[in-house]
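Asks: For reference, the file entry-v5.txt (compact mmCIF, C-alpha atoms and all ligand atoms) is included below:
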```
# COMPACT_ATOMS: atom_id res chain seq x y z
CA MET A 1 0.00 0.00 0.00
CA ASP A 2 1.50 3.37 -0.98
CA LEU A 3 0.59 6.02 1.55
CA GLY A 4 2.18 9.47 1.43
CA ILE A 5 4.55 10.48 4.24
CA ALA A 6 2.05 13.19 5.25
CA THR A 7 -0.69 10.56 5.67
CA VAL A 8 1.57 8.26 7.66
CA ASP A 9 3.03 10.92 9.96
CA GLY A 10 0.07 13.30 9.99
CA PHE A 11 -2.69 10.78 10.51
CA MET A 12 -1.65 7.11 10.84
CA ARG A 13 1.03 7.65 13.50
CA SER A 14 -1.28 9.56 15.81
CA PHE A 15 -4.56 7.73 15.07
CA PHE A 16 -3.23 4.14 15.06
CA GLY A 17 -0.50 5.13 17.52
CA GLY A 18 -3.41 5.94 19.84
CA VAL A 19 -5.34 2.77 19.01
CA PHE A 20 -2.34 0.44 19.51
CA LEU A 21 -0.64 2.76 22.06
CA ASP A 22 2.46 2.45 19.90
CA ARG A 23 3.54 5.40 17.78
CA THR A 24 6.33 3.37 16.15
CA LEU A 25 3.67 1.89 13.83
CA GLY A 26 5.51 -1.41 14.40
CA THR A 27 2.20 -3.22 14.94
CA ASP A 28 1.81 -6.30 12.76
CA PHE A 29 0.08 -5.56 9.44
CA SER A 30 -2.64 -8.22 9.94
CA GLN A 31 -3.59 -6.50 13.19
CA PHE A 32 -3.71 -3.12 11.46
CA GLN A 33 -5.88 -4.53 8.65
CA TYR A 34 -8.31 -6.05 11.14
CA ILE A 35 -8.69 -2.92 13.28
CA PHE A 36 -8.88 -0.69 10.17
CA SER A 37 -11.75 -2.86 8.88
CA THR A 38 -13.63 -2.58 12.20
CA PHE A 39 -13.45 1.25 12.01
CA ALA A 40 -14.64 1.08 8.39
CA ARG A 41 -17.54 -1.28 9.14
CA GLY A 42 -18.90 0.09 12.41
CA GLN A 43 -19.43 3.25 14.40
CA THR A 44 -16.96 4.56 16.97
CA VAL A 45 -18.83 4.82 20.26
CA VAL A 46 -18.51 4.88 24.04
CA PRO A 47 -21.00 3.10 26.35
CA ALA A 48 -23.30 5.74 27.88
CA LEU A 49 -22.89 4.26 31.37
CA GLY A 50 -19.13 3.69 31.06
CA MET A 51 -16.84 0.79 30.12
CA GLY A 52 -17.70 -1.05 33.34
CA GLU A 53 -21.12 -1.83 31.85
CA ILE A 54 -19.59 -4.45 29.54
CA PRO A 55 -18.48 -6.90 32.28
CA LYS A 56 -21.52 -5.94 34.41
CA GLN A 57 -23.97 -6.89 31.66
CA ILE A 58 -22.12 -10.15 30.91
CA ALA A 59 -22.04 -11.03 34.64
CA ALA A 60 -25.78 -10.31 34.95
CA LEU A 61 -26.43 -13.31 32.66
CA LEU A 62 -24.93 -15.67 35.27
CA PRO A 63 -26.33 -16.74 38.66
CA ALA A 64 -24.65 -14.51 41.30
CA GLU A 65 -23.33 -17.50 43.30
CA ARG A 66 -21.28 -18.55 40.25
CA ILE A 67 -19.05 -15.48 40.54
CA ARG A 68 -16.51 -14.88 43.31
CA LEU A 69 -15.16 -11.32 43.40
CA ARG A 70 -12.06 -10.06 45.22
CA ALA A 71 -10.56 -13.55 45.17
CA PRO A 72 -7.24 -13.21 43.30
CA VAL A 73 -5.86 -16.60 42.26
CA SER A 74 -2.36 -17.21 43.60
CA SER A 75 -1.66 -20.65 42.06
CA ILE A 76 -3.08 -23.33 39.79
CA ALA A 77 -1.67 -26.84 40.13
CA ARG A 78 -2.58 -30.15 38.58
CA ARG A 79 -4.00 -32.54 41.19
CA GLY A 80 -4.64 -35.93 39.53
CA LYS A 81 -7.20 -35.30 36.77
CA SER A 82 -8.29 -32.00 38.36
CA PHE A 83 -6.80 -28.57 38.90
CA ALA A 84 -6.31 -27.15 42.41
CA VAL A 85 -6.96 -23.41 42.30
CA ARG A 86 -5.70 -21.51 45.34
CA THR A 87 -6.74 -17.94 46.10
CA ALA A 88 -4.71 -15.32 47.94
CA ASN A 89 -6.69 -15.87 51.16
CA GLY A 90 -5.51 -19.52 51.18
CA ASN A 91 -8.76 -21.16 50.01
CA GLU A 92 -8.34 -24.03 47.58
CA SER A 93 -10.96 -25.52 45.22
CA LEU A 94 -10.75 -28.38 42.72
CA PHE A 95 -11.98 -27.99 39.14
CA ASP A 96 -12.16 -30.37 36.14
CA ALA A 97 -11.14 -27.58 33.76
CA VAL A 98 -9.73 -24.07 34.11
CA VAL A 99 -9.95 -21.01 31.85
CA LEU A 100 -7.16 -18.60 32.71
CA ALA A 101 -8.72 -15.25 31.71
CA THR A 102 -6.39 -12.73 33.36
CA ASP A 103 -4.17 -10.13 31.71
CA MET A 104 -0.98 -11.36 30.01
CA SER A 105 1.45 -10.82 32.93
CA ALA A 106 -0.85 -12.40 35.53
CA ALA A 107 -1.41 -15.37 33.17
CA HIS A 108 2.38 -15.78 32.81
CA ALA A 109 2.85 -15.62 36.60
CA LEU A 110 0.25 -18.36 37.07
CA ASP A 111 1.51 -20.49 34.18
CA PRO A 112 4.97 -19.69 32.73
CA ARG A 113 4.10 -21.64 29.54
CA ILE A 114 2.14 -18.48 28.59
CA ASN A 115 4.58 -15.92 27.19
CA ALA A 116 4.77 -12.50 28.83
CA ARG A 117 5.48 -10.03 26.02
CA ALA A 118 6.04 -6.29 26.20
CA TRP A 119 3.25 -3.92 27.25
CA CYS A 120 2.26 -0.58 25.73
CA SER A 121 1.28 2.14 28.17
CA ASN A 122 -1.11 5.04 28.27
CA VAL A 123 -1.62 8.23 30.28
CA THR A 124 -4.92 10.09 30.33
CA PHE A 125 -5.61 13.43 31.95
CA TYR A 126 -9.31 14.02 32.65
CA TRP A 127 -10.31 17.68 32.85
CA ALA A 128 -13.65 19.29 33.70
CA CYS A 129 -14.94 22.76 32.89
CA ASP A 130 -18.17 24.71 32.64
CA VAL A 131 -19.69 24.18 29.20
CA GLY A 132 -19.29 27.91 28.60
CA ARG A 133 -15.51 27.55 28.99
CA LEU A 134 -15.21 24.82 26.37
CA PRO A 135 -13.46 25.93 23.15
CA ALA A 136 -15.89 25.78 20.22
CA PRO A 137 -14.25 22.82 18.35
CA LEU A 138 -14.57 20.62 21.46
CA HIS A 139 -18.37 20.95 21.38
CA GLN A 140 -18.24 18.54 18.43
CA PRO A 141 -17.97 14.75 18.97
CA THR A 142 -14.55 14.84 17.34
CA LEU A 143 -11.21 13.14 18.00
CA PHE A 144 -8.35 15.62 17.70
CA LEU A 145 -4.98 14.16 16.69
CA ASP A 146 -1.41 15.36 17.08
CA GLY A 147 -0.29 15.15 13.47
CA THR A 148 2.95 16.99 14.23
CA GLY A 149 4.38 14.59 16.82
CA ASP A 150 5.29 17.59 19.00
CA GLY A 151 3.08 16.32 21.83
CA PRO A 152 2.66 15.77 24.63
CA VAL A 153 -1.01 14.98 23.84
CA ASN A 154 -1.43 12.34 21.12
CA HIS A 155 -5.23 12.57 20.91
CA ALA A 156 -7.95 14.54 22.64
CA ALA A 157 -11.73 14.55 22.80
CA CYS A 158 -14.49 16.08 24.84
CA LEU A 159 -16.17 12.88 26.07
CA SER A 160 -19.35 14.68 27.13
CA SER A 161 -19.71 16.01 23.57
CA VAL A 162 -19.64 12.36 22.42
CA ALA A 163 -21.97 11.12 25.20
CA PRO A 164 -23.71 13.77 27.37
CA GLU A 165 -24.05 11.16 30.15
CA TYR A 166 -20.30 11.59 30.87
CA ALA A 167 -20.76 14.93 32.68
CA PRO A 168 -23.41 16.60 34.87
CA ALA A 169 -25.59 19.24 33.19
CA GLY A 170 -23.65 22.40 32.44
CA GLN A 171 -20.27 20.64 32.73
CA SER A 172 -17.86 19.14 30.18
CA LEU A 173 -15.43 16.24 30.52
CA ILE A 174 -12.32 16.37 28.37
CA ALA A 175 -9.80 13.52 27.98
CA LEU A 176 -6.24 14.34 26.90
CA ASN A 177 -4.33 11.15 26.03
CA MET A 178 -0.62 10.52 25.87
CA VAL A 179 1.03 7.42 24.47
CA GLU A 180 4.61 8.07 25.49
CA VAL A 181 5.60 10.01 28.59
CA ASP A 182 9.23 9.99 29.66
CA TRP A 183 8.60 10.27 33.41
CA ALA A 184 12.34 10.29 34.11
CA ALA A 185 12.64 13.55 32.18
CA GLU A 186 9.22 15.06 32.84
CA SER A 187 7.54 16.35 36.00
CA MET A 188 3.77 16.75 36.36
CA SER A 189 4.14 20.53 36.27
CA SER A 190 6.24 20.57 33.09
CA LEU A 191 3.87 18.09 31.44
CA THR A 192 0.84 20.21 32.38
CA ALA A 193 2.57 23.38 31.13
CA ARG A 194 3.33 21.70 27.77
CA MET A 195 -0.29 20.49 27.60
CA VAL A 196 -1.55 24.05 28.05
CA VAL A 197 0.76 25.32 25.27
CA GLN A 198 -0.39 22.53 22.94
CA MET A 199 -4.11 23.10 23.62
CA GLU A 200 -3.63 26.85 23.01
CA ARG A 201 -1.99 25.98 19.70
CA TRP A 202 -4.97 23.77 18.79
CA PHE A 203 -7.88 25.76 20.23
CA GLY A 204 -6.63 29.32 20.78
CA THR A 205 -5.27 31.49 23.60
CA GLY A 206 -6.64 30.61 27.04
CA ALA A 207 -8.07 27.29 25.76
CA MET A 208 -7.66 25.59 29.15
CA ARG A 209 -8.59 28.60 31.28
CA GLY A 210 -11.08 27.47 33.96
CA TRP A 211 -10.39 23.76 33.39
CA ARG A 212 -10.07 21.62 36.55
CA LEU A 213 -7.91 18.50 36.60
CA LEU A 214 -10.13 15.66 37.87
CA ARG A 215 -7.60 12.83 37.68
CA MET A 216 -4.67 11.38 35.83
CA ASP A 217 -4.64 7.68 34.94
CA ARG A 218 -1.25 6.18 34.18
CA ILE A 219 -1.76 2.62 32.92
CA VAL A 220 1.60 0.94 32.42
CA ARG A 221 0.08 -2.38 31.32
CA ALA A 222 -2.55 -0.96 29.00
CA LEU A 223 -2.26 -3.17 25.88
CA PRO A 224 -0.01 -6.06 24.89
CA ARG A 225 2.46 -4.90 22.23
CA GLN A 226 1.48 -6.40 18.85
CA HIS A 227 4.59 -6.47 16.70
CA THR A 228 4.98 -9.47 14.40
CA ALA A 229 7.19 -11.36 16.89
CA ASP A 230 4.56 -10.77 19.61
CA ILE A 231 1.80 -12.17 17.40
CA HIS A 232 3.87 -15.34 16.86
CA ALA A 233 4.35 -15.65 20.65
CA ARG A 234 0.61 -15.67 21.40
CA PRO A 235 -0.56 -18.74 23.35
CA SER A 236 -3.08 -21.15 21.88
CA THR A 237 -6.50 -21.36 23.51
CA GLU A 238 -5.83 -24.82 24.98
CA ILE A 239 -2.42 -25.13 26.63
CA ASP A 240 -2.95 -28.40 28.49
CA ASP A 241 -5.53 -31.13 28.90
CA GLY A 242 -8.36 -29.16 30.55
CA MET A 243 -6.43 -25.90 30.79
CA PHE A 244 -7.55 -22.99 28.57
CA VAL A 245 -6.44 -19.37 28.12
CA ALA A 246 -8.56 -16.35 27.21
CA GLY A 247 -7.86 -12.64 26.93
CA ASP A 248 -6.71 -9.95 24.52
CA HIS A 249 -3.16 -11.38 24.52
CA VAL A 250 -4.50 -14.58 22.88
CA THR A 251 -6.31 -12.90 19.96
CA ASP A 252 -5.86 -9.14 19.61
CA GLY A 253 -5.48 -6.19 21.92
CA SER A 254 -9.04 -4.90 22.10
CA ILE A 255 -12.32 -5.56 23.87
CA ASP A 256 -13.49 -7.29 20.71
CA GLY A 257 -10.36 -9.48 20.79
CA ALA A 258 -10.91 -10.33 24.47
CA VAL A 259 -14.56 -11.27 23.85
CA ARG A 260 -13.65 -13.32 20.77
CA SER A 261 -10.99 -15.12 22.74
CA GLY A 262 -13.52 -15.83 25.52
CA THR A 263 -15.91 -17.29 22.94
CA LEU A 264 -13.14 -19.50 21.52
CA ALA A 265 -12.23 -20.69 25.03
CA SER A 266 -15.85 -21.50 25.93
CA GLU A 267 -16.29 -23.47 22.69
CA ALA A 268 -13.05 -25.37 23.43
CA VAL A 269 -14.26 -26.15 26.97
CA LEU A 270 -17.56 -27.52 25.62
CA ARG A 271 -15.68 -29.71 23.13
CA TRP A 272 -13.38 -30.87 25.95
CA PHE A 273 -16.31 -31.86 28.20
CA ASN A 274 -18.06 -33.66 25.31
CA ARG A 275 -14.94 -35.39 23.98
C1 LIG B 301 -7.01 3.42 28.57
C2 LIG B 301 -7.43 2.26 27.72
C3 LIG B 301 -8.36 2.47 26.72
C4 LIG B 301 -8.78 1.40 25.94
N1 LIG B 301 -9.73 1.64 24.99
C5 LIG B 301 -10.20 0.61 24.26
C6 LIG B 301 -11.22 0.82 23.30
O1 LIG B 301 -11.70 1.94 23.12
N2 LIG B 301 -11.65 -0.24 22.58
C7 LIG B 301 -11.15 -1.48 22.78
O2 LIG B 301 -11.59 -2.42 22.11
N3 LIG B 301 -10.18 -1.72 23.69
C8 LIG B 301 -9.69 -0.71 24.43
N4 LIG B 301 -8.71 -0.94 25.36
C9 LIG B 301 -8.17 -2.30 25.49
C10 LIG B 301 -9.10 -3.20 26.28
O3 LIG B 301 -9.45 -2.55 27.49
C11 LIG B 301 -8.38 -4.52 26.59
O4 LIG B 301 -7.92 -5.09 25.37
C12 LIG B 301 -9.35 -5.50 27.25
O5 LIG B 301 -9.88 -4.96 28.46
C13 LIG B 301 -8.63 -6.79 27.59
O6 LIG B 301 -9.54 -7.65 28.23
P1 LIG B 301 -9.03 -8.93 28.98
O7 LIG B 301 -10.24 -9.62 29.52
O8 LIG B 301 -8.10 -9.69 28.10
O9 LIG B 301 -8.10 -8.40 30.18
P2 LIG B 301 -8.46 -7.44 31.37
O10 LIG B 301 -9.51 -6.45 30.99
O11 LIG B 301 -7.14 -6.95 31.86
O12 LIG B 301 -9.13 -8.40 32.45
C14 LIG B 301 -8.35 -9.33 33.17
C15 LIG B 301 -8.97 -9.50 34.55
O13 LIG B 301 -8.20 -10.48 35.26
C16 LIG B 301 -8.15 -10.08 36.61
N5 LIG B 301 -6.98 -10.74 37.24
C17 LIG B 301 -5.66 -10.47 37.07
N6 LIG B 301 -4.93 -11.30 37.82
C18 LIG B 301 -5.80 -12.10 38.47
C19 LIG B 301 -5.64 -13.17 39.40
N7 LIG B 301 -4.44 -13.59 39.81
N8 LIG B 301 -6.75 -13.78 39.90
C20 LIG B 301 -8.00 -13.39 39.49
N9 LIG B 301 -8.21 -12.38 38.60
C21 LIG B 301 -7.12 -11.75 38.12
C22 LIG B 301 -7.99 -8.56 36.55
O14 LIG B 301 -8.39 -7.99 37.78
C23 LIG B 301 -8.94 -8.22 35.40
O15 LIG B 301 -10.25 -7.99 35.88
C24 LIG B 301 -8.26 0.10 26.16
C25 LIG B 301 -7.34 -0.11 27.18
C26 LIG B 301 -6.93 0.96 27.96
C27 LIG B 301 -5.95 0.71 29.08
```
Step by step, read the file and then write its structure as structure tokens.
Replies:
Amino acid sequence: MDLGIATVDGFMRSFFGGVFLDRTLGTDFSQFQYIFSTFARGQTVVPALGMGEIPKQIAALLPAERIRLRAPVSSIARRGKSFAVRTANGNESLFDAVVLATDMSAAHALDPRINARAWCSNVTFYWACDVGRLPAPLHQPTLFLDGTGDGPVNHAACLSSVAPEYAPAGQSLIALNMVEVDWAAESMSSLTARMVVQMERWFGTGAMRGWRLLRMDRIVRALPRQHTADIHARPSTEIDDGMFVAGDHVTDGSIDGAVRSGTLASEAVLRWFNR
């Protein structure tokens, strides 16, 4: 595919750099093709009640006694034909089959046969302001990209302009996202100062006047890196007789990938029980 340098650096690096949390654009081409096709086929949305609704609505389909919360698993060991699953509080239960559906690093810690690959990280600053203080372009449900690479913000959006449920009446919620922050070289105050300069460049003098910082989320293990070597290192769904793996590190780094991987694991478990 022949894409001009301006398209690659001005759009692809910031847009897909934000999707894959990797501005190197080193993500495997098959992964790029798949995600590109999902953007082409569907709408880009946020759940009105927040991301937490996805697991909540899936959990609501199951009887409550089938789910144990706040019970981190500390070990899984084969015990005869079963698996002994021990939780951090010392409780142990035996199961015929196990689906290990944690993040990549936790899965590796519980079973070193599952490769731990590199992570891509993300930093989001959430700001609030009175609607009247919001620069005009941010009233649109638009994703703003850093096509220059000057940073520090890679992409920005006013979430309450996308979904009004994200802020109380009369207020706006703005998310400023960074893919790479060199915390060794950058203090919070210098980062904030650079953010103000960048937003003034994008939206005019005083763009952030009256904005209040609500919180900063720094997620070091945000997405598994998805370079070609990482794709080849993905685990298969069934790693042992009765032992299955699910999660975005098995398929692709997205909610869709995690759900697809869960579906594959559940089908494999059914085949295993009916074998
Ligand atoms: C800021 C950010 C924005 C994102 N935006 C999008 C987006 O817009 N669209 C999209 O498709 N994807 C997005 N993603 C990626 C998406 O969130 C992940 O790909 C997806 O959540 C992975 O799901 P998972 O079930 O594989 O892992 P996780 O969501 O990490 O779930 C694993 C679960 O395992 C639990 N766990 C870990 N260790 C143990 C243990 N020892 N015992 C018991 N439980 C354990 C954890 O508490 C966690 O609940 C985003 C990610 C981030 C960080």
Asks: Report the centre and edge lengths, in Å to one decimal, of an axis-aligned box enclosing every atom of ligand LIG 301 (chain B) listed in the file, padded by 4 Å on each side, as lines of an AutoDock Vina configuration file.
Replies:
```
center_x = -8.1
center_y = -5.2
center_z = 31.0
size_x = 15.3
size_y = 25.2
size_z = 25.8
```
Asks: Given a cut-off of 7 Å, what residues near ligand LIG 301 (chain B) show up using all atoms listed in the file, put as a PyMOL selection string?
Replies: chain A and resi 71-74+101-103+106+122+219+222-223+246-249+253-258
Asks: Go ahead and compute the interatomic distance for CA of Arg78 in chain A and CA of Asp111 in chain A, in Å to one decimal.
Replies: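 Answer for the CA of Arg78 in chain A to CA of Asp111 in chain A separation: 11.4 Å.
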Asks: I need the residue nearest Ala107 in chain A from this list: A:Met243, A:Phe83, A:Asp252, A:Arg275. Use only C-alpha atoms for the distance.
Replies: A:Met243
Asks: Counting only C-alpha atoms, which of A:Tyr126, A:Asn115, A:Asp241, A:Asp9 gets nearest to Gly80 in chain A?
Replies: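 With only C-alpha atoms as the atom set, the closest residue is A:Asp241.
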Asks: Which value, in Å to one decimal, gives the distance between CA of Asp150 in chain A and CA of Arg194 in chain A?
Replies: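 Between these atoms lies a distance of 9.9 Å.
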Asks: Calculated over all atoms listed in the file, which of the candidates A:Trp183, A:Trp127, A:Phe32, A:Phe144 has the smallest distance to Ser160 in chain A?
Replies: A:Trp127
Asks: May I have the residues within 12 Å of Thr24 in chain A as a list in words, using all atoms listed in the file and disregarding those fewer than 6 positions away in the same chain?
Replies: Val8, Asp9, Met12, Arg13, Ser14, Phe15, Phe16, Gly17, Gly18, Cys120, Gly149, Val179, Glu180, Arg225, Gln226 and His227 of chain A
Asks: In the coordinate frame of the file, compute which residues have an atom within 10 Å of (-13.1, -17.5, 43.3) when using all atoms listed in the file, and state them as a list in words.
Replies: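 With a cut-off of 10 Å, the residues come to Arg66, Ile67, Arg68, Leu69, Arg70, Ala71, Pro72, Val73, Val85, Arg86, Thr87, Ala88, Asn91, Glu92 and Ser93 of chain A.
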